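Text of work_18.cif, listed as mmCIF, C-alpha atoms:
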```cif
data_work
#
loop_
_atom_site.group_PDB
_atom_site.id
_atom_site.type_symbol
_atom_site.label_atom_id
_atom_site.label_comp_id
_atom_site.auth_asym_id
_atom_site.auth_seq_id
_atom_site.Cartn_x
_atom_site.Cartn_y
_atom_site.Cartn_z
ATOM 1 C CA MET A 69 105.135 155.965 73.835
ATOM 2 C CA ARG A 70 105.592 154.565 77.346
ATOM 3 C CA VAL A 71 102.132 152.981 77.177
ATOM 4 C CA SER A 72 103.022 151.317 73.869
ATOM 5 C CA TRP A 73 106.244 149.893 75.338
ATOM 6 C CA LEU A 74 104.336 148.684 78.387
ATOM 7 C CA LEU A 75 101.761 146.902 76.222
ATOM 8 C CA LEU A 76 104.527 145.392 74.112
ATOM 9 C CA SER A 77 106.322 144.157 77.236
ATOM 10 C CA ILE A 78 103.136 142.547 78.559
ATOM 11 C CA TRP A 79 102.540 140.890 75.184
ATOM 12 C CA LEU A 80 106.111 139.565 75.044
ATOM 13 C CA VAL A 81 105.922 138.141 78.576
ATOM 14 C CA ALA A 82 102.563 136.496 77.875
ATOM 15 C CA ASN A 83 103.856 134.899 74.695
ATOM 16 C CA ALA A 84 107.036 133.743 76.412
ATOM 17 C CA ASN A 85 104.984 132.133 79.191
ATOM 18 C CA ALA A 86 102.734 130.411 76.650
ATOM 19 C CA ALA A 87 105.750 129.092 74.729
ATOM 20 C CA SER A 88 107.292 127.823 77.954
ATOM 21 C CA ALA A 89 104.070 126.024 78.936
ATOM 22 C CA SER A 90 103.869 124.437 75.480
ATOM 23 C CA THR A 91 107.454 123.216 75.778
ATOM 24 C CA ARG A 92 106.830 121.686 79.208
ATOM 25 C CA LEU A 93 103.683 119.947 77.974
ATOM 26 C CA TYR A 94 105.595 118.408 75.070
ATOM 27 C CA GLU A 95 108.494 117.439 77.328
ATOM 28 C CA ASP A 96 106.141 115.730 79.778
ATOM 29 C CA MET A 97 104.479 113.833 76.925
ATOM 30 C CA SER A 98 107.899 112.803 75.612
ATOM 31 C CA VAL A 99 109.001 111.490 79.002
ATOM 32 C CA LEU A 100 105.784 109.599 79.711
ATOM 33 C CA THR A 101 105.852 107.857 76.315
ATOM 34 C CA SER A 102 109.593 107.143 76.304
ATOM 35 C CA PRO A 103 111.170 103.657 76.231
ATOM 36 C CA LYS A 104 112.508 104.293 79.729
ATOM 37 C CA HIS A 105 108.952 104.219 81.086
ATOM 38 C CA GLN A 106 108.233 100.923 79.286
ATOM 39 C CA GLY A 107 104.510 101.494 78.801
ATOM 40 C CA ARG A 108 103.751 102.451 82.435
ATOM 41 C CA GLU A 109 102.246 99.115 83.473
ATOM 42 C CA ALA A 110 100.750 98.892 86.966
ATOM 43 C CA GLY A 111 101.779 96.283 89.481
ATOM 44 C CA SER A 112 105.244 97.111 90.846
ATOM 45 C CA PRO A 113 106.047 96.587 94.564
ATOM 46 C CA ASN A 114 107.152 100.236 94.848
ATOM 47 C CA PRO A 115 106.139 103.362 92.904
ATOM 48 C CA ASN A 116 107.512 102.869 89.399
ATOM 49 C CA ILE A 117 109.551 105.324 87.339
ATOM 50 C CA THR A 118 106.376 107.075 86.106
ATOM 51 C CA ALA A 119 104.943 107.533 89.592
ATOM 52 C CA GLN A 120 108.314 108.889 90.744
ATOM 53 C CA PHE A 121 108.442 111.285 87.796
ATOM 54 C CA LEU A 122 104.968 112.641 88.588
ATOM 55 C CA TYR A 123 105.784 112.945 92.289
ATOM 56 C CA GLU A 124 108.921 114.957 91.489
ATOM 57 C CA ARG A 125 107.117 117.167 88.963
ATOM 58 C CA PHE A 126 104.425 118.118 91.489
ATOM 59 C CA GLN A 127 107.072 118.595 94.175
ATOM 60 C CA ASN A 128 109.106 120.880 91.915
ATOM 61 C CA LEU A 129 105.980 122.952 91.347
ATOM 62 C CA GLY A 130 105.818 123.491 95.092
ATOM 63 C CA ILE A 131 102.637 121.441 95.475
ATOM 64 C CA LYS A 132 102.078 119.051 98.379
ATOM 65 C CA VAL A 133 102.176 115.487 97.040
ATOM 66 C CA ASN A 134 102.059 111.951 98.382
ATOM 67 C CA TYR A 135 101.783 108.346 97.262
ATOM 68 C CA GLN A 136 98.744 106.199 98.025
ATOM 69 C CA SER A 137 99.454 102.475 97.650
ATOM 70 C CA PHE A 138 96.827 99.765 97.353
ATOM 71 C CA GLU A 139 96.364 96.122 96.416
ATOM 72 C CA PHE A 140 94.490 94.973 93.333
ATOM 73 C CA LYS A 141 93.600 91.601 91.861
ATOM 74 C CA SER A 142 95.974 90.225 89.236
ATOM 75 C CA GLY A 143 94.677 87.009 87.744
ATOM 76 C CA PHE A 144 92.500 84.569 89.656
ATOM 77 C CA PHE A 145 94.615 83.992 92.742
ATOM 78 C CA SER A 146 97.233 86.715 93.048
ATOM 79 C CA LYS A 147 97.424 90.380 93.951
ATOM 80 C CA LYS A 148 99.755 93.235 93.043
ATOM 81 C CA LEU A 149 100.372 96.747 94.305
ATOM 82 C CA GLY A 150 99.339 99.971 92.628
ATOM 83 C CA HIS A 151 100.424 103.486 93.560
ATOM 84 C CA ASN A 152 98.330 106.621 93.130
ATOM 85 C CA VAL A 153 100.096 109.985 93.091
ATOM 86 C CA ILE A 154 97.992 112.641 94.842
ATOM 87 C CA ALA A 155 98.795 116.354 94.835
ATOM 88 C CA THR A 156 96.741 118.993 96.641
ATOM 89 C CA LEU A 157 96.378 122.735 96.199
ATOM 90 C CA PRO A 158 94.508 124.044 99.256
ATOM 91 C CA CYS A 159 91.743 126.606 99.276
ATOM 92 C CA THR A 160 93.229 130.095 99.752
ATOM 93 C CA VAL A 161 90.210 131.936 101.202
ATOM 94 C CA GLU A 162 88.366 131.756 104.524
ATOM 95 C CA GLN A 163 85.007 130.509 103.219
ATOM 96 C CA CYS A 164 85.817 127.445 101.098
ATOM 97 C CA GLY A 165 83.503 125.440 98.886
ATOM 98 C CA LYS A 166 83.512 121.700 98.408
ATOM 99 C CA LYS A 167 86.497 119.967 96.837
ATOM 100 C CA LEU A 168 87.274 119.554 93.157
ATOM 101 C CA VAL A 169 89.178 116.408 92.198
ATOM 102 C CA ILE A 170 90.827 116.191 88.770
ATOM 103 C CA THR A 171 91.771 112.684 87.685
ATOM 104 C CA ALA A 172 93.916 111.116 84.989
ATOM 105 C CA HIS A 173 95.243 107.566 85.007
ATOM 106 C CA TYR A 174 98.947 107.310 84.269
ATOM 107 C CA ASP A 175 99.191 103.538 83.816
ATOM 108 C CA HIS A 176 99.080 101.789 80.450
ATOM 109 C CA LEU A 177 99.764 98.327 79.012
ATOM 110 C CA GLY A 178 103.502 98.021 79.600
ATOM 111 C CA GLY A 179 106.142 96.174 77.598
ATOM 112 C CA ARG A 180 109.930 96.354 77.398
ATOM 113 C CA GLU A 181 112.261 99.130 76.291
ATOM 114 C CA ASN A 182 112.608 97.679 72.801
ATOM 115 C CA SER A 183 108.905 96.799 72.438
ATOM 116 C CA PHE A 184 106.285 98.641 74.466
ATOM 117 C CA TYR A 185 102.889 100.339 74.351
ATOM 118 C CA ALA A 186 103.643 104.062 74.554
ATOM 119 C CA GLY A 187 100.048 105.030 75.387
ATOM 120 C CA ALA A 188 100.421 108.602 74.152
ATOM 121 C CA ASN A 189 96.710 109.311 73.875
ATOM 122 C CA ASP A 190 95.801 106.703 76.499
ATOM 123 C CA ASN A 191 96.635 108.330 78.791
ATOM 124 C CA ALA A 192 99.816 110.348 78.691
ATOM 125 C CA THR A 193 97.611 113.153 77.344
ATOM 126 C CA GLY A 194 95.493 113.274 80.503
ATOM 127 C CA THR A 195 98.495 112.843 82.797
ATOM 128 C CA ALA A 196 100.535 115.634 81.195
ATOM 129 C CA ALA A 197 97.427 117.836 81.238
ATOM 130 C CA LEU A 198 97.139 117.236 84.989
ATOM 131 C CA LEU A 199 100.615 118.714 85.472
ATOM 132 C CA ALA A 200 99.926 121.662 83.171
ATOM 133 C CA ILE A 201 96.670 122.519 84.947
ATOM 134 C CA ALA A 202 98.334 122.253 88.353
ATOM 135 C CA GLU A 203 101.025 124.714 87.272
ATOM 136 C CA VAL A 204 98.396 127.259 86.228
ATOM 137 C CA LEU A 205 96.204 126.798 89.300
ATOM 138 C CA LYS A 206 99.008 127.181 91.837
ATOM 139 C CA GLU A 207 99.135 130.902 90.979
ATOM 140 C CA GLN A 208 95.369 131.432 91.349
ATOM 141 C CA THR A 209 93.113 132.372 94.225
ATOM 142 C CA ARG A 210 91.204 129.184 95.000
ATOM 143 C CA PHE A 211 87.804 128.933 96.678
ATOM 144 C CA SER A 212 88.061 125.147 96.986
ATOM 145 C CA ASP A 213 90.691 122.516 97.661
ATOM 146 C CA ILE A 214 91.887 121.172 94.304
ATOM 147 C CA ILE A 215 93.069 117.552 94.279
ATOM 148 C CA PHE A 216 95.085 116.143 91.390
ATOM 149 C CA LEU A 217 94.786 112.358 91.322
ATOM 150 C CA ALA A 218 97.164 110.571 88.965
ATOM 151 C CA SER A 219 95.656 107.136 89.354
ATOM 152 C CA ASP A 220 97.264 103.756 88.840
ATOM 153 C CA ALA A 221 95.781 100.451 87.649
ATOM 154 C CA GLU A 222 92.916 102.017 85.686
ATOM 155 C CA GLU A 223 93.615 99.615 82.843
ATOM 156 C CA LYS A 224 93.297 96.698 85.272
ATOM 157 C CA GLY A 225 89.844 97.741 86.470
ATOM 158 C CA LEU A 226 89.769 101.350 87.750
ATOM 159 C CA TYR A 227 91.462 100.124 90.923
ATOM 160 C CA GLY A 228 93.329 103.325 91.773
ATOM 161 C CA ALA A 229 90.265 105.550 91.572
ATOM 162 C CA LYS A 230 88.127 103.012 93.427
ATOM 163 C CA HIS A 231 90.674 102.873 96.229
ATOM 164 C CA TYR A 232 90.851 106.656 96.429
ATOM 165 C CA VAL A 233 87.101 107.106 96.871
ATOM 166 C CA SER A 234 87.018 104.283 99.435
ATOM 167 C CA GLU A 235 89.523 106.180 101.586
ATOM 168 C CA THR A 236 87.980 109.666 101.527
ATOM 169 C CA ASP A 237 84.854 111.427 102.756
ATOM 170 C CA THR A 238 82.973 111.761 99.481
ATOM 171 C CA SER A 239 80.439 114.170 101.004
ATOM 172 C CA LEU A 240 83.154 116.845 100.852
ATOM 173 C CA TYR A 241 83.389 116.758 97.044
ATOM 174 C CA ALA A 242 81.555 118.947 94.549
ATOM 175 C CA LEU A 243 82.862 117.552 91.262
ATOM 176 C CA ASN A 244 85.207 115.110 89.549
ATOM 177 C CA ILE A 245 86.773 116.092 86.222
ATOM 178 C CA ASN A 246 88.298 113.058 84.532
ATOM 179 C CA LEU A 247 90.834 113.469 81.715
ATOM 180 C CA ASP A 248 91.333 110.403 79.535
ATOM 181 C CA MET A 249 92.460 110.458 75.877
ATOM 182 C CA LEU A 250 92.521 114.158 74.988
ATOM 183 C CA ALA A 251 94.250 113.981 71.578
ATOM 184 C CA ILE A 252 91.317 115.046 69.426
ATOM 185 C CA ASN A 253 91.448 113.824 65.830
ATOM 186 C CA ASN A 254 90.322 115.196 62.458
ATOM 187 C CA ARG A 255 86.768 115.585 63.733
ATOM 188 C CA ASN A 256 88.200 118.377 65.902
ATOM 189 C CA THR A 257 85.667 117.470 68.586
ATOM 190 C CA LEU A 258 86.062 117.081 72.318
ATOM 191 C CA TYR A 259 83.439 114.874 73.927
ATOM 192 C CA ALA A 260 82.197 115.626 77.431
ATOM 193 C CA LEU A 261 80.154 112.927 79.106
ATOM 194 C CA HIS A 262 78.669 114.040 82.400
ATOM 195 C CA ASP A 263 76.029 113.063 84.860
ATOM 196 C CA LYS A 264 72.952 115.229 85.079
ATOM 197 C CA LYS A 265 74.101 116.905 88.295
ATOM 198 C CA ALA A 266 77.136 118.351 86.489
ATOM 199 C CA LYS A 267 75.171 119.945 83.649
ATOM 200 C CA LYS A 268 75.579 123.495 84.976
ATOM 201 C CA TYR A 269 79.353 123.081 84.928
ATOM 202 C CA ILE A 270 79.570 121.723 81.385
ATOM 203 C CA GLU A 271 77.323 124.526 80.143
ATOM 204 C CA GLN A 272 79.859 126.935 81.599
ATOM 205 C CA PHE A 273 82.638 125.166 79.651
ATOM 206 C CA LYS A 274 80.686 125.366 76.405
ATOM 207 C CA GLN A 275 80.263 129.125 76.802
ATOM 208 C CA GLN A 276 84.030 129.540 76.457
ATOM 209 C CA GLU A 277 85.546 130.362 73.071
ATOM 210 C CA ASN A 278 87.000 126.906 72.456
ATOM 211 C CA PRO A 279 88.945 126.380 69.190
ATOM 212 C CA PHE A 280 87.244 123.023 68.667
ATOM 213 C CA LYS A 281 83.744 121.603 68.745
ATOM 214 C CA VAL A 282 82.311 120.337 72.035
ATOM 215 C CA PHE A 283 79.725 117.578 72.178
ATOM 216 C CA SER A 284 78.320 117.162 75.666
ATOM 217 C CA THR A 285 75.689 114.782 76.924
ATOM 218 C CA SER A 286 74.603 112.794 79.942
ATOM 219 C CA SER A 287 73.055 110.174 77.656
ATOM 220 C CA GLN A 288 75.109 107.191 76.634
ATOM 221 C CA PHE A 289 72.615 106.557 73.818
ATOM 222 C CA ARG A 290 73.273 110.023 72.349
ATOM 223 C CA LEU A 291 77.018 109.499 72.605
ATOM 224 C CA HIS A 292 76.781 106.089 70.906
ATOM 225 C CA LYS A 293 74.743 107.658 68.120
ATOM 226 C CA LYS A 294 77.158 110.566 67.708
ATOM 227 C CA LEU A 295 80.181 108.247 67.528
ATOM 228 C CA ASN A 296 78.329 105.672 65.429
ATOM 229 C CA ASP A 297 79.650 103.008 67.779
ATOM 230 C CA ASN A 298 77.867 101.337 70.692
ATOM 231 C CA ARG A 299 80.564 98.933 71.875
ATOM 232 C CA ILE A 300 81.748 100.982 74.851
ATOM 233 C CA ASN A 301 79.865 101.741 78.050
ATOM 234 C CA TRP A 302 81.210 105.275 78.411
ATOM 235 C CA HIS A 303 79.720 105.800 81.860
ATOM 236 C CA LYS A 304 81.943 102.962 83.113
ATOM 237 C CA ALA A 305 84.883 103.397 80.732
ATOM 238 C CA SER A 306 87.276 105.338 82.959
ATOM 239 C CA ASP A 307 87.931 106.620 86.470
ATOM 240 C CA HIS A 308 84.880 108.887 86.601
ATOM 241 C CA TYR A 309 82.802 105.740 87.191
ATOM 242 C CA ALA A 310 84.392 105.261 90.633
ATOM 243 C CA PHE A 311 83.208 108.749 91.612
ATOM 244 C CA SER A 312 79.812 108.210 90.052
ATOM 245 C CA LEU A 313 79.301 105.148 92.251
ATOM 246 C CA LYS A 314 79.786 107.428 95.261
ATOM 247 C CA LYS A 315 77.266 109.971 93.921
ATOM 248 C CA ILE A 316 79.925 112.582 93.116
ATOM 249 C CA PRO A 317 79.023 114.608 89.999
ATOM 250 C CA TYR A 318 81.502 114.125 87.173
ATOM 251 C CA ILE A 319 82.586 115.365 83.770
ATOM 252 C CA TYR A 320 84.614 113.026 81.574
ATOM 253 C CA PHE A 321 86.589 114.749 78.822
ATOM 254 C CA GLY A 322 87.876 112.583 75.958
ATOM 255 C CA MET A 323 88.236 112.323 72.193
ATOM 256 C CA GLY A 324 85.902 109.376 71.689
ATOM 257 C CA ILE A 325 86.904 106.461 69.476
ATOM 258 C CA ASP A 326 90.605 106.141 68.697
ATOM 259 C CA ASP A 327 91.600 103.561 66.073
ATOM 260 C CA LYS A 328 95.086 103.389 67.639
ATOM 261 C CA HIS A 329 93.720 102.633 71.109
ATOM 262 C CA HIS A 330 95.676 99.852 72.854
ATOM 263 C CA THR A 331 98.007 99.391 69.913
ATOM 264 C CA LYS A 332 101.697 100.204 69.539
ATOM 265 C CA LYS A 333 100.713 102.959 67.101
ATOM 266 C CA ASP A 334 99.439 105.101 69.975
ATOM 267 C CA THR A 335 102.568 107.260 69.978
ATOM 268 C CA LEU A 336 103.377 110.940 70.321
ATOM 269 C CA ASP A 337 104.372 111.080 66.650
ATOM 270 C CA ASN A 338 100.942 109.813 65.626
ATOM 271 C CA MET A 339 98.890 112.461 67.432
ATOM 272 C CA ASN A 340 98.240 116.095 66.578
ATOM 273 C CA PHE A 341 100.065 117.867 69.395
ATOM 274 C CA GLU A 342 98.797 121.345 68.478
ATOM 275 C CA ARG A 343 95.158 120.273 68.742
ATOM 276 C CA TYR A 344 95.884 118.476 71.992
ATOM 277 C CA GLN A 345 97.495 121.609 73.363
ATOM 278 C CA THR A 346 94.373 123.670 72.624
ATOM 279 C CA VAL A 347 92.295 121.123 74.543
ATOM 280 C CA VAL A 348 94.589 121.354 77.564
ATOM 281 C CA GLU A 349 94.491 125.152 77.498
ATOM 282 C CA SER A 350 90.683 125.236 77.267
ATOM 283 C CA ILE A 351 90.171 122.726 80.073
ATOM 284 C CA SER A 352 92.707 124.629 82.165
ATOM 285 C CA ASP A 353 90.815 127.909 81.617
ATOM 286 C CA PHE A 354 87.595 126.143 82.588
ATOM 287 C CA ILE A 355 89.042 124.762 85.818
ATOM 288 C CA VAL A 356 90.513 128.151 86.713
ATOM 289 C CA SER A 357 87.017 129.618 86.351
ATOM 290 C CA LEU A 358 85.627 126.907 88.652
ATOM 291 C CA ALA A 359 88.304 127.643 91.245
ATOM 292 C CA LYS A 360 87.300 131.309 91.394
ATOM 293 C CA VAL A 361 83.964 130.582 93.096
ATOM 294 C CA PRO A 362 83.008 128.309 95.996
ATOM 295 C CA LEU A 363 81.869 124.981 94.575
ATOM 296 C CA ASP A 364 78.893 123.199 96.022
ATOM 297 C CA SER A 365 77.688 119.732 95.130
ATOM 298 C CA THR A 366 74.268 119.355 93.564
ATOM 299 C CA ASN A 367 73.708 116.046 95.399
#
```
Conversion result in structure tokens:
Amino acid sequence: MRVSWLLLSIWLVANANAASASTRLYEDMSVLTSPKHQGREAGSPNPNITAQFLYERFQNLGIKVNYQSFEFKSGFFSKKLGHNVIATLPCTVEQCGKKLVITAHYDHLGGRENSFYAGANDNATGTAALLAIAEVLKEQTRFSDIIFLASDAEEKGLYGAKHYVSETDTSLYALNINLDMLAINNRNTLYALHDKKAKKYIEQFKQQENPFKVFSTSSQFRLHKKLNDNRINWHKASDHYAFSLKKIPYIYFGMGIDDKHHTKKDTLDNMNFERYQTVVESISDFIVSLAKVPLDSTN
């Protein structure tokens, strides 16, 4: 009888923790897409309300966090400031592998409180996932430093990610995982574009029991064919390109073509939150598995 009660208690705690994580994920999505954040446009002199929110969330998780400000071109003759938010979970063992950097851009197209681009899928989904993954990883033994880069000014030209890689020793990195547009649609498929050096990692992800289909490739041609759309250069479409230029292996997780992309219909109400949540949980499990062994670059 005692064993049965013990098992029941463990089950109840696990379910309570899962429900709590789901609530926080939804709350983070709600905040990021709210009128108060006015579409999260880059270019403010100081860290904007979204950058401050992310800073405080990481800080409240007990994770070391800092801002990284940079200039970027705005128009032909002017410049503006962007502000990355960088949180770090250090390696917890003596023999550490190379670093893992997880990226998600938090900026979007902006607007005003009464008329703005919410950017739920692009890219509140990746940004909220960053926080959820950090919360899980802080409790784990880690064989590598894990960096969470919430980048700014991606929509303007990947400026935040480009600045980050220009300011760090890229030889210390094993892998970049970039999260951009994770709200999978009725195809129930998560797309994983990777460079050839990251193939062993994506094969590990595909061996998980994921509650959705996974299409992975290092070939842009194959991805174009699968999506029946060749308008987008997916290798250059998001922050993973900045790491690719520095020869850091990458995996880019996304949902492919979104007909609401860069429209005011990209809202939390218009995405399937339950499917999105399963994606976050699966990617989180994958990253936890990567953290449990020393990572080494295949460069």
Computed interatomic separation between CA of Phe126 (chain A) and CA of Leu205 (chain A) (Å):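 It comes out at 12.2 Å.
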Quick one: residues within 7 Å of region 307-321 of chain A, only C-alpha atoms counted, chain neighbours fewer than 3 positions away excluded, as a PDB file with C-alpha atoms, in the coordinates of the input?
```pdb
ATOM      1  CA  GLU A 222      92.916 102.017  85.686  1.00  0.00           C
ATOM      2  CA  LEU A 226      89.769 101.350  87.750  1.00  0.00           C
ATOM      3  CA  ALA A 229      90.265 105.550  91.572  1.00  0.00           C
ATOM      4  CA  LYS A 230      88.127 103.012  93.427  1.00  0.00           C
ATOM      5  CA  VAL A 233      87.101 107.106  96.871  1.00  0.00           C
ATOM      6  CA  THR A 238      82.973 111.761  99.481  1.00  0.00           C
ATOM      7  CA  TYR A 241      83.389 116.758  97.044  1.00  0.00           C
ATOM      8  CA  ALA A 242      81.555 118.947  94.549  1.00  0.00           C
ATOM      9  CA  LEU A 243      82.862 117.552  91.262  1.00  0.00           C
ATOM     10  CA  ASN A 244      85.207 115.110  89.549  1.00  0.00           C
ATOM     11  CA  ILE A 245      86.773 116.092  86.222  1.00  0.00           C
ATOM     12  CA  ASN A 246      88.298 113.058  84.532  1.00  0.00           C
ATOM     13  CA  LEU A 247      90.834 113.469  81.715  1.00  0.00           C
ATOM     14  CA  ASP A 248      91.333 110.403  79.535  1.00  0.00           C
ATOM     15  CA  LEU A 258      86.062 117.081  72.318  1.00  0.00           C
ATOM     16  CA  TYR A 259      83.439 114.874  73.927  1.00  0.00           C
ATOM     17  CA  ALA A 260      82.197 115.626  77.431  1.00  0.00           C
ATOM     18  CA  LEU A 261      80.154 112.927  79.106  1.00  0.00           C
ATOM     19  CA  HIS A 262      78.669 114.040  82.400  1.00  0.00           C
ATOM     20  CA  ASP A 263      76.029 113.063  84.860  1.00  0.00           C
ATOM     21  CA  LYS A 265      74.101 116.905  88.295  1.00  0.00           C
ATOM     22  CA  ALA A 266      77.136 118.351  86.489  1.00  0.00           C
ATOM     23  CA  HIS A 303      79.720 105.800  81.860  1.00  0.00           C
ATOM     24  CA  LYS A 304      81.943 102.962  83.113  1.00  0.00           C
TER      25      LYS A 304
END
```
The PyMOL selection byres ((chain A and resi 346) around 10) applied to the shown file, residues as a list in words: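 Evaluating the PyMOL selection byres ((chain A and resi 346) around 10) on this file yields Ser90, Leu250, Ala251, Ile252, Asn278, Pro279, Phe280, Phe341, Glu342, Arg343, Tyr344, Gln345, Val347, Val348, Glu349, Ser350, Ile351 and Ser352 of chain A.
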Nearest residue to Asp326 (chain A) from the set A:Ile300, A:Val153, A:Leu122, A:Leu217 (distances using all atoms listed in the file):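 The answer is A:Ile300, which sits nearest to Asp326 (chain A).
Of note, CA of Lys104 (chain A) and CA of Gly322 (chain A) are spaced 26.3 Å apart.
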Among listed residues A:Ala89, A:Ala155, A:Ala359, A:Ala192, nearest Tyr123 (chain A) (using all atoms listed in the file): A:Ala155
CA of Ala196 (chain A) to CA of Lys332 (chain A), straight-line distance in Å: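 So the two atoms, CA of Lys332 (chain A) and CA of Ala196 (chain A), lie 19.4 Å apart.
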Expected selection from the PyMOL selection byres ((chain A and resi 240) around 9), given as a PyMOL selection string: chain A and resi 165-167+236-239+241-242+365
Test item: the PyMOL selection byres ((chain A and resi 115) around 10) resolved as a PyMOL selection string: chain A and resi 110-114+116-121+123+135-137+149-153+220
Residue among A:Ile154, A:Leu336, A:Leu100, A:Leu129 lying closest to Ala218 (chain A), counting all atoms listed in the file: A:Ile154
Given all atoms listed in the file as the counted atoms, nearest of A:Val356, A:Ile170, A:Ala197, A:Leu295 to Phe211 (chain A):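 Of all the options, A:Val356 lies closest to Phe211 (chain A).
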Nearby residues (all atoms listed in the file) at most 10 Å from Arg125 (chain A), same-chain spacing under 6 positions excluded, as an MDAnalysis selection string: chainID A and resid 96 119 131 133 199 203
Counting only C-alpha atoms, the residue of A:Ser146, A:Asn128, A:Thr101, A:Ser287 that sits nearest Asp337 (chain A):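 Closest to Asp337 (chain A), using only C-alpha atoms: A:Thr101.
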